[in-house]
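Q: Input file: my_file_31.txt. Contents: compact mmCIF, N, CA and C atoms.
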```
# COMPACT_ATOMS: atom_id res chain seq x y z
N MET A 1445 0.84 -1.18 0.00
CA MET A 1445 0.00 0.00 0.00
C MET A 1445 0.89 1.25 0.00
N SER A 1446 0.53 2.20 -0.79
CA SER A 1446 1.27 3.45 -0.89
C SER A 1446 0.42 4.60 -0.34
N PHE A 1447 1.05 5.49 0.40
CA PHE A 1447 0.35 6.64 0.95
C PHE A 1447 0.83 7.90 0.26
N PHE A 1448 -0.03 8.89 0.23
CA PHE A 1448 0.27 10.12 -0.49
C PHE A 1448 0.11 11.30 0.45
N ASN A 1449 1.14 12.08 0.64
CA ASN A 1449 1.13 13.24 1.53
C ASN A 1449 1.11 14.50 0.66
N GLN A 1450 -0.05 15.07 0.44
CA GLN A 1450 -0.19 16.25 -0.41
C GLN A 1450 -1.25 17.16 0.17
N VAL A 1451 -0.94 18.46 0.25
CA VAL A 1451 -1.90 19.43 0.77
C VAL A 1451 -1.86 20.67 -0.13
N THR A 1452 -3.04 21.28 -0.34
CA THR A 1452 -3.14 22.53 -1.09
C THR A 1452 -3.95 23.50 -0.24
N LEU A 1453 -3.42 24.70 -0.07
CA LEU A 1453 -4.05 25.72 0.76
C LEU A 1453 -4.11 27.05 0.03
N VAL A 1454 -5.16 27.81 0.29
CA VAL A 1454 -5.24 29.19 -0.16
C VAL A 1454 -5.42 30.05 1.08
N GLY A 1455 -4.56 31.05 1.22
CA GLY A 1455 -4.65 31.92 2.38
C GLY A 1455 -3.83 33.18 2.22
N ARG A 1456 -3.83 33.97 3.27
CA ARG A 1456 -3.09 35.24 3.29
C ARG A 1456 -1.93 35.14 4.27
N LEU A 1457 -0.80 35.75 3.90
CA LEU A 1457 0.34 35.78 4.79
C LEU A 1457 0.02 36.62 6.02
N VAL A 1458 0.33 36.09 7.19
CA VAL A 1458 0.06 36.75 8.46
C VAL A 1458 1.09 37.86 8.71
N ALA A 1459 2.29 37.65 8.21
CA ALA A 1459 3.39 38.62 8.36
C ALA A 1459 4.29 38.50 7.14
N ASP A 1460 5.22 39.42 7.00
CA ASP A 1460 6.18 39.32 5.90
C ASP A 1460 6.97 38.03 6.03
N PRO A 1461 7.29 37.37 4.90
CA PRO A 1461 8.06 36.13 4.97
C PRO A 1461 9.48 36.40 5.47
N GLU A 1462 10.07 35.38 6.10
CA GLU A 1462 11.44 35.49 6.62
C GLU A 1462 12.37 34.65 5.78
N MET A 1463 13.27 35.32 5.06
CA MET A 1463 14.21 34.66 4.15
C MET A 1463 15.55 34.48 4.84
N ARG A 1464 16.17 33.32 4.62
CA ARG A 1464 17.53 33.08 5.09
C ARG A 1464 18.19 32.12 4.11
N TYR A 1465 19.45 31.85 4.34
CA TYR A 1465 20.19 30.94 3.48
C TYR A 1465 20.90 29.91 4.35
N THR A 1466 20.96 28.67 3.86
CA THR A 1466 21.68 27.63 4.58
C THR A 1466 23.18 27.93 4.46
N GLN A 1467 23.99 27.20 5.19
CA GLN A 1467 25.45 27.41 5.13
C GLN A 1467 25.98 27.18 3.73
N SER A 1468 25.30 26.34 2.95
CA SER A 1468 25.74 26.08 1.58
C SER A 1468 25.10 27.03 0.57
N GLY A 1469 24.35 28.04 1.06
CA GLY A 1469 23.80 29.07 0.19
C GLY A 1469 22.43 28.78 -0.40
N VAL A 1470 21.75 27.76 0.09
CA VAL A 1470 20.42 27.43 -0.43
C VAL A 1470 19.39 28.34 0.22
N PRO A 1471 18.57 29.06 -0.58
CA PRO A 1471 17.55 29.94 -0.01
C PRO A 1471 16.41 29.14 0.62
N VAL A 1472 15.96 29.61 1.77
CA VAL A 1472 14.81 29.02 2.45
C VAL A 1472 14.00 30.15 3.08
N VAL A 1473 12.69 30.09 2.93
CA VAL A 1473 11.82 31.12 3.48
C VAL A 1473 10.77 30.45 4.35
N THR A 1474 10.45 31.09 5.45
CA THR A 1474 9.36 30.62 6.32
C THR A 1474 8.30 31.71 6.38
N PHE A 1475 7.05 31.26 6.45
CA PHE A 1475 5.94 32.20 6.55
C PHE A 1475 4.76 31.47 7.15
N ARG A 1476 3.76 32.23 7.53
CA ARG A 1476 2.55 31.68 8.14
C ARG A 1476 1.35 32.13 7.33
N LEU A 1477 0.48 31.17 7.01
CA LEU A 1477 -0.73 31.46 6.24
C LEU A 1477 -1.95 31.42 7.14
N ALA A 1478 -2.83 32.40 6.97
CA ALA A 1478 -4.14 32.38 7.61
C ALA A 1478 -5.11 31.79 6.59
N VAL A 1479 -5.71 30.66 6.94
CA VAL A 1479 -6.60 29.94 6.04
C VAL A 1479 -7.96 29.81 6.70
N GLU A 1480 -8.98 30.38 6.04
CA GLU A 1480 -10.34 30.28 6.58
C GLU A 1480 -10.91 28.89 6.32
N ARG A 1481 -11.68 28.40 7.27
CA ARG A 1481 -12.38 27.13 7.10
C ARG A 1481 -13.59 27.34 6.20
N GLU A 1482 -14.01 26.28 5.55
CA GLU A 1482 -15.11 26.37 4.59
C GLU A 1482 -16.45 26.66 5.25
N PHE A 1483 -16.66 26.11 6.43
CA PHE A 1483 -17.96 26.22 7.07
C PHE A 1483 -17.96 27.25 8.19
N LYS A 1484 -19.10 27.85 8.41
CA LYS A 1484 -19.24 28.84 9.48
C LYS A 1484 -19.50 28.14 10.81
N ASN A 1485 -19.03 28.77 11.89
CA ASN A 1485 -19.24 28.21 13.23
C ASN A 1485 -20.63 28.60 13.75
N ALA A 1486 -20.90 28.29 15.01
CA ALA A 1486 -22.21 28.55 15.61
C ALA A 1486 -22.54 30.04 15.64
N ASP A 1487 -21.52 30.90 15.63
CA ASP A 1487 -21.72 32.35 15.64
C ASP A 1487 -21.92 32.92 14.23
N GLY A 1488 -21.89 32.05 13.21
CA GLY A 1488 -22.06 32.50 11.83
C GLY A 1488 -20.79 33.03 11.20
N LYS A 1489 -19.65 32.81 11.84
CA LYS A 1489 -18.36 33.29 11.31
C LYS A 1489 -17.50 32.08 10.94
N ARG A 1490 -16.53 32.33 10.08
CA ARG A 1490 -15.60 31.28 9.69
C ARG A 1490 -14.38 31.31 10.63
N ASP A 1491 -14.03 30.16 11.14
CA ASP A 1491 -12.81 30.05 11.93
C ASP A 1491 -11.62 30.10 10.99
N THR A 1492 -10.48 30.50 11.52
CA THR A 1492 -9.25 30.61 10.74
C THR A 1492 -8.18 29.74 11.36
N ASP A 1493 -7.48 29.00 10.52
CA ASP A 1493 -6.32 28.23 10.96
C ASP A 1493 -5.06 28.96 10.50
N PHE A 1494 -4.03 28.90 11.32
CA PHE A 1494 -2.76 29.56 11.01
C PHE A 1494 -1.73 28.46 10.78
N ILE A 1495 -1.26 28.37 9.54
CA ILE A 1495 -0.43 27.26 9.10
C ILE A 1495 0.99 27.73 8.83
N ASN A 1496 1.96 27.11 9.50
CA ASN A 1496 3.37 27.40 9.25
C ASN A 1496 3.80 26.74 7.94
N CYS A 1497 4.56 27.48 7.14
CA CYS A 1497 5.02 26.99 5.84
C CYS A 1497 6.50 27.27 5.66
N THR A 1498 7.17 26.40 4.91
CA THR A 1498 8.57 26.57 4.55
C THR A 1498 8.72 26.29 3.06
N ALA A 1499 9.45 27.14 2.37
CA ALA A 1499 9.73 26.93 0.95
C ALA A 1499 11.23 27.02 0.72
N TRP A 1500 11.71 26.30 -0.27
CA TRP A 1500 13.13 26.22 -0.57
C TRP A 1500 13.41 26.68 -2.00
N ARG A 1501 14.63 27.06 -2.24
CA ARG A 1501 15.18 27.37 -3.55
C ARG A 1501 14.36 28.42 -4.31
N LYS A 1502 13.97 28.13 -5.57
CA LYS A 1502 13.30 29.11 -6.42
C LYS A 1502 11.96 29.56 -5.84
N VAL A 1503 11.21 28.62 -5.27
CA VAL A 1503 9.93 28.99 -4.67
C VAL A 1503 10.17 29.94 -3.50
N ALA A 1504 11.21 29.70 -2.72
CA ALA A 1504 11.55 30.59 -1.60
C ALA A 1504 11.87 31.99 -2.11
N GLU A 1505 12.62 32.08 -3.20
CA GLU A 1505 12.98 33.38 -3.76
C GLU A 1505 11.74 34.14 -4.24
N ILE A 1506 10.79 33.43 -4.85
CA ILE A 1506 9.56 34.07 -5.34
C ILE A 1506 8.75 34.60 -4.16
N VAL A 1507 8.59 33.77 -3.12
CA VAL A 1507 7.85 34.20 -1.94
C VAL A 1507 8.50 35.43 -1.33
N ALA A 1508 9.81 35.39 -1.14
CA ALA A 1508 10.52 36.51 -0.50
C ALA A 1508 10.43 37.79 -1.32
N GLN A 1509 10.47 37.66 -2.64
CA GLN A 1509 10.50 38.85 -3.49
C GLN A 1509 9.11 39.45 -3.71
N TYR A 1510 8.08 38.63 -3.84
CA TYR A 1510 6.79 39.13 -4.28
C TYR A 1510 5.67 39.06 -3.25
N CYS A 1511 5.91 38.43 -2.12
CA CYS A 1511 4.85 38.30 -1.12
C CYS A 1511 5.18 39.11 0.12
N LYS A 1512 4.14 39.61 0.76
CA LYS A 1512 4.31 40.32 2.02
C LYS A 1512 3.04 40.10 2.84
N LYS A 1513 3.02 40.66 4.01
CA LYS A 1513 1.86 40.50 4.88
C LYS A 1513 0.59 40.86 4.11
N GLY A 1514 -0.40 39.96 4.15
CA GLY A 1514 -1.67 40.19 3.47
C GLY A 1514 -1.75 39.61 2.07
N SER A 1515 -0.62 39.19 1.49
CA SER A 1515 -0.65 38.61 0.14
C SER A 1515 -1.49 37.34 0.13
N LEU A 1516 -2.31 37.22 -0.91
CA LEU A 1516 -3.14 36.03 -1.10
C LEU A 1516 -2.39 35.07 -2.01
N ILE A 1517 -2.14 33.85 -1.52
CA ILE A 1517 -1.40 32.88 -2.31
C ILE A 1517 -2.03 31.49 -2.17
N LEU A 1518 -1.74 30.65 -3.15
CA LEU A 1518 -2.08 29.25 -3.11
C LEU A 1518 -0.77 28.49 -3.00
N VAL A 1519 -0.68 27.58 -2.06
CA VAL A 1519 0.51 26.75 -1.92
C VAL A 1519 0.12 25.29 -2.00
N SER A 1520 1.03 24.50 -2.51
CA SER A 1520 0.86 23.06 -2.56
C SER A 1520 2.16 22.43 -2.09
N GLY A 1521 2.03 21.38 -1.29
CA GLY A 1521 3.23 20.73 -0.78
C GLY A 1521 2.85 19.55 0.09
N SER A 1522 3.74 19.22 1.01
CA SER A 1522 3.51 18.09 1.90
C SER A 1522 3.57 18.54 3.35
N ILE A 1523 2.88 17.80 4.20
CA ILE A 1523 2.91 18.10 5.63
C ILE A 1523 4.11 17.39 6.24
N GLN A 1524 4.85 18.13 7.05
CA GLN A 1524 6.03 17.58 7.72
C GLN A 1524 5.85 17.72 9.23
N GLN A 1525 6.17 16.68 9.95
CA GLN A 1525 6.08 16.67 11.41
C GLN A 1525 7.47 16.89 11.98
N ASP A 1526 7.59 17.80 12.94
CA ASP A 1526 8.85 18.04 13.64
C ASP A 1526 8.64 17.75 15.12
N ASN A 1527 9.54 16.99 15.70
CA ASN A 1527 9.50 16.66 17.13
C ASN A 1527 10.65 17.34 17.83
N TYR A 1528 10.37 17.87 19.03
CA TYR A 1528 11.41 18.49 19.83
C TYR A 1528 11.03 18.39 21.30
N GLU A 1529 11.97 18.76 22.14
CA GLU A 1529 11.71 18.73 23.58
C GLU A 1529 11.91 20.12 24.16
N LYS A 1530 10.99 20.53 25.00
CA LYS A 1530 11.07 21.84 25.65
C LYS A 1530 10.66 21.67 27.10
N ASP A 1531 11.51 22.14 27.99
CA ASP A 1531 11.26 22.03 29.42
C ASP A 1531 10.97 20.59 29.83
N GLY A 1532 11.71 19.65 29.22
CA GLY A 1532 11.56 18.24 29.55
C GLY A 1532 10.31 17.59 29.00
N GLU A 1533 9.55 18.32 28.20
CA GLU A 1533 8.31 17.80 27.63
C GLU A 1533 8.45 17.63 26.12
N LYS A 1534 8.07 16.46 25.62
CA LYS A 1534 8.13 16.22 24.18
C LYS A 1534 6.99 16.96 23.49
N ARG A 1535 7.32 17.61 22.38
CA ARG A 1535 6.33 18.39 21.64
C ARG A 1535 6.41 18.04 20.16
N THR A 1536 5.31 18.29 19.48
CA THR A 1536 5.23 18.02 18.05
C THR A 1536 4.62 19.24 17.36
N THR A 1537 5.21 19.62 16.24
CA THR A 1537 4.64 20.69 15.42
C THR A 1537 4.51 20.16 13.99
N TYR A 1538 3.68 20.82 13.22
CA TYR A 1538 3.48 20.46 11.82
C TYR A 1538 3.65 21.71 10.97
N LYS A 1539 4.16 21.50 9.76
CA LYS A 1539 4.27 22.60 8.81
C LYS A 1539 4.06 22.05 7.41
N VAL A 1540 3.80 22.95 6.47
CA VAL A 1540 3.70 22.58 5.07
C VAL A 1540 5.02 22.94 4.41
N VAL A 1541 5.64 21.94 3.77
CA VAL A 1541 6.83 22.19 2.97
C VAL A 1541 6.33 22.43 1.56
N VAL A 1542 6.44 23.68 1.12
CA VAL A 1542 5.83 24.14 -0.13
C VAL A 1542 6.69 23.73 -1.32
N ASP A 1543 6.04 23.04 -2.28
CA ASP A 1543 6.69 22.67 -3.53
C ASP A 1543 6.26 23.57 -4.67
N LYS A 1544 5.01 24.03 -4.60
CA LYS A 1544 4.43 24.81 -5.69
C LYS A 1544 3.70 26.01 -5.11
N LEU A 1545 3.66 27.07 -5.89
CA LEU A 1545 3.10 28.33 -5.44
C LEU A 1545 2.35 29.01 -6.57
N ARG A 1546 1.24 29.63 -6.23
CA ARG A 1546 0.52 30.45 -7.19
C ARG A 1546 0.22 31.78 -6.50
N LEU A 1547 0.60 32.88 -7.11
CA LEU A 1547 0.30 34.20 -6.57
C LEU A 1547 -1.10 34.57 -7.02
N LEU A 1548 -1.97 34.85 -6.08
CA LEU A 1548 -3.37 35.17 -6.38
C LEU A 1548 -3.64 36.64 -6.12
N GLY A 1549 -4.72 37.15 -6.66
CA GLY A 1549 -5.14 38.50 -6.37
C GLY A 1549 -4.33 39.58 -7.05
N ILE A 1550 -3.57 39.23 -8.10
CA ILE A 1550 -2.80 40.24 -8.82
C ILE A 1550 -3.62 40.72 -10.00
N LYS A 1551 -3.89 42.00 -10.03
CA LYS A 1551 -4.66 42.61 -11.12
C LYS A 1551 -3.75 42.80 -12.33
N PRO A 1552 -4.31 43.03 -13.49
CA PRO A 1552 -3.49 43.21 -14.70
C PRO A 1552 -2.45 44.33 -14.58
N ASN A 1553 -2.71 45.35 -13.78
CA ASN A 1553 -1.74 46.44 -13.65
C ASN A 1553 -0.63 46.11 -12.66
N GLY A 1554 -0.65 44.88 -12.11
CA GLY A 1554 0.41 44.46 -11.21
C GLY A 1554 0.09 44.70 -9.74
N GLN A 1555 -1.01 45.39 -9.45
CA GLN A 1555 -1.38 45.64 -8.06
C GLN A 1555 -2.11 44.44 -7.50
N GLN A 1556 -1.84 44.13 -6.24
CA GLN A 1556 -2.55 43.04 -5.59
C GLN A 1556 -3.89 43.56 -5.11
N SER A 1557 -4.92 42.72 -5.25
CA SER A 1557 -6.22 43.09 -4.71
C SER A 1557 -6.31 42.61 -3.27
N GLY A 1558 -6.95 43.38 -2.42
CA GLY A 1558 -7.10 43.00 -1.02
C GLY A 1558 -5.76 42.77 -0.38
N GLY A 1559 -5.57 43.09 0.86
CA GLY A 1559 -4.29 42.87 1.51
C GLY A 1559 -3.27 43.91 1.15
N GLY A 1560 -3.52 44.70 0.13
CA GLY A 1560 -2.70 45.85 -0.21
C GLY A 1560 -1.37 45.53 -0.83
N GLY A 1561 -0.79 46.56 -1.39
CA GLY A 1561 0.56 46.47 -1.93
C GLY A 1561 0.63 45.66 -3.20
N GLY A 1562 1.77 45.69 -3.81
CA GLY A 1562 1.96 44.88 -5.00
C GLY A 1562 3.26 45.23 -5.67
N ALA A 1563 3.63 44.42 -6.61
CA ALA A 1563 4.86 44.65 -7.36
C ALA A 1563 4.53 45.54 -8.55
N ALA A 1564 5.55 46.08 -9.17
CA ALA A 1564 5.34 46.91 -10.34
C ALA A 1564 4.73 46.10 -11.48
N GLU A 1565 5.11 44.87 -11.59
CA GLU A 1565 4.58 43.95 -12.60
C GLU A 1565 4.32 42.61 -11.91
N PRO A 1566 3.40 41.81 -12.43
CA PRO A 1566 3.28 40.47 -11.87
C PRO A 1566 4.64 39.78 -11.98
N PRO A 1567 5.03 39.01 -10.98
CA PRO A 1567 6.38 38.50 -10.91
C PRO A 1567 6.81 37.61 -12.06
N VAL A 1568 5.99 36.66 -12.41
CA VAL A 1568 6.31 35.73 -13.48
C VAL A 1568 5.01 35.30 -14.13
N ASN A 1569 5.09 34.83 -15.34
CA ASN A 1569 3.91 34.27 -15.99
C ASN A 1569 3.54 32.98 -15.31
N ASP A 1570 2.24 32.64 -15.33
CA ASP A 1570 1.80 31.38 -14.72
C ASP A 1570 2.60 30.21 -15.27
N SER A 1571 2.95 30.25 -16.54
CA SER A 1571 3.69 29.15 -17.14
C SER A 1571 5.10 29.03 -16.55
N ASP A 1572 5.61 30.11 -15.96
CA ASP A 1572 6.95 30.08 -15.38
C ASP A 1572 6.94 29.56 -13.95
N LEU A 1573 5.75 29.55 -13.32
CA LEU A 1573 5.66 29.06 -11.95
C LEU A 1573 5.72 27.55 -11.93
N PRO A 1574 6.23 26.99 -10.86
CA PRO A 1574 6.37 25.53 -10.81
C PRO A 1574 5.06 24.84 -10.47
N PHE A 1575 3.92 25.41 -10.85
CA PHE A 1575 2.63 24.80 -10.50
C PHE A 1575 1.70 24.81 -11.68
```
Please express what this file holds, its structure, as structure tokens.

A:
Amino acid sequence: MSFFNQVTLVGRLVADPEMRYTQSGVPVVTFRLAVEREFKNADGKRDTDFINCTAWRKVAEIVAQYCKKGSLILVSGSIQQDNYEKDGEKRTTYKVVVDKLRLLGIKPNGQQSGGGGGAAEPPVNDSDLPF
């Protein structure tokens, strides 16, 4: 039996992405996405989940260059579990390791809709994105 670990999310960046480089010079960016749930709760509002994400190499460079707090994006990747110990207690966290990215909400003039801000031009053609 084979299992498949794949997730696709659409959400807005909670804060500006944080770019860094490994010791060997590989770009890596971390960011957090606010993703609304499909269904409304008892109060008639949608709950929001905050998902930690990590992207590497070219996808990391695109996120760092063209995304900022409030940017609407679609990400696709796999869920990764990280285990660590804090204060003698074992803990587990989960994040999405992003393989593919789609920049959403960019109008033809290059301005992002909602969430504000934008680049002078859309960053790359859809055909140039790895998705």

Q: Between A:Leu1545, A:Ala1459, A:Ala1508, A:Val1519, which has the minimum distance to Arg1476 of chain A (counting all atoms listed in the file)?

A: A:Ala1459

Q: For Val1473 of chain A, which of A:Leu1457, A:Thr1452, A:Thr1498, A:Ala1486 is the closest residue, counting only N, CA and C atoms?

A: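 Going through A:Leu1457, A:Thr1452, A:Thr1498, A:Ala1486 one by one, the smallest distance to Val1473 of chain A is for A:Thr1498.
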
Q: Using all atoms listed in the file, can you tell me which of A:Arg1481, A:Pro1461, A:Gly1455, A:Lys1544 comes closest to Val1503 of chain A?

A: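 The shortest atom-to-atom distance to Val1503 of chain A comes from A:Lys1544.
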
Q: Show me as a VMD selection string the residues that reach within 6 Å of (3.4, 41.9, 1.5), counting only C-alpha atoms and using the file's own coordinates.

A: chain A and resid 1460 1511 to 1515

Q: Report, in Å with one decimal, the straight-line distance from atom CA of Ala1504 of chain A to atom C of Pro1471 of chain A.

A: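 Separation of atom CA of Ala1504 of chain A and atom C of Pro1471 of chain A: 5.5 Å.
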
Q: Let me know the centre plus edge lengths, in Å and rounded to one decimal, of a box with edges along x, y and z that contains all listed atoms of segment 1481-1484 of chain A and is padded by 4 Å on every side, as lines of an AutoDock Vina configuration file.

A:
```
center_x = -15.6
center_y = 27.5
center_z = 7.7
size_x = 15.8
size_y = 10.7
size_z = 14.2
```

Q: Around (14.8, 31.9, 4.9) in the file's own coordinates, what residues are found within 8 Å if you use only N, CA and C atoms, given back as a compact mmCIF listing (two decimals) with N, CA and C atoms, in the coordinates of the input?

A:
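Contents of the output file point_23.txt:
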```
# COMPACT_ATOMS: atom_id res chain seq x y z
N PRO A 1461 7.29 37.37 4.90
CA PRO A 1461 8.06 36.13 4.97
C PRO A 1461 9.48 36.40 5.47
N GLU A 1462 10.07 35.38 6.10
CA GLU A 1462 11.44 35.49 6.62
C GLU A 1462 12.37 34.65 5.78
N MET A 1463 13.27 35.32 5.06
CA MET A 1463 14.21 34.66 4.15
C MET A 1463 15.55 34.48 4.84
N ARG A 1464 16.17 33.32 4.62
CA ARG A 1464 17.53 33.08 5.09
C ARG A 1464 18.19 32.12 4.11
N TYR A 1465 19.45 31.85 4.34
CA TYR A 1465 20.19 30.94 3.48
C TYR A 1465 20.90 29.91 4.35
N THR A 1466 20.96 28.67 3.86
CA THR A 1466 21.68 27.63 4.58
C THR A 1466 23.18 27.93 4.46
N VAL A 1470 21.75 27.76 0.09
CA VAL A 1470 20.42 27.43 -0.43
C VAL A 1470 19.39 28.34 0.22
N PRO A 1471 18.57 29.06 -0.58
CA PRO A 1471 17.55 29.94 -0.01
C PRO A 1471 16.41 29.14 0.62
N VAL A 1472 15.96 29.61 1.77
CA VAL A 1472 14.81 29.02 2.45
C VAL A 1472 14.00 30.15 3.08
N VAL A 1473 12.69 30.09 2.93
CA VAL A 1473 11.82 31.12 3.48
C VAL A 1473 10.77 30.45 4.35
N THR A 1474 10.45 31.09 5.45
CA THR A 1474 9.36 30.62 6.32
C THR A 1474 8.30 31.71 6.38
N PHE A 1475 7.05 31.26 6.45
CA PHE A 1475 5.94 32.20 6.55
C PHE A 1475 4.76 31.47 7.15
N ALA A 1499 9.45 27.14 2.37
CA ALA A 1499 9.73 26.93 0.95
C ALA A 1499 11.23 27.02 0.72
N ALA A 1504 11.21 29.70 -2.72
CA ALA A 1504 11.55 30.59 -1.60
C ALA A 1504 11.87 31.99 -2.11
```

Q: I need the residues in segment 1478-1528 of chain A that are strand (DSSP E) according to DSSP; give them as number ranges by chain.

A: A: 1478-1484, 1490-1500, 1516-1528

Q: Can you work out which one of A:Val1540, A:Leu1516, A:Ile1523, A:Leu1547 has the shortest atom-to-atom distance to Asn1496 of chain A, counting only N, CA and C atoms?

A: A:Val1540

Q: Between atom CA of Asn1449 of chain A and atom CA of Asp1491 of chain A, what is the distance, to one decimal in Å?

A: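 Spanning atom CA of Asn1449 of chain A to atom CA of Asp1491 of chain A is a straight-line distance of 24.2 Å.
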
Q: Mind pulling up the distance from atom CA of Leu1477 of chain A to atom N of Val1458 of chain A?

A: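 We find that atom N of Val1458 of chain A and atom CA of Leu1477 of chain A lie 4.8 Å from each other.
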
Q: May I ask which of the residues A:Val1507, A:Leu1548, A:Val1479, A:Cys1497 is the closest one to Gln1524 of chain A, counting only C-alpha atoms?

A: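 For Gln1524 of chain A, the nearest of the given residues is A:Cys1497.
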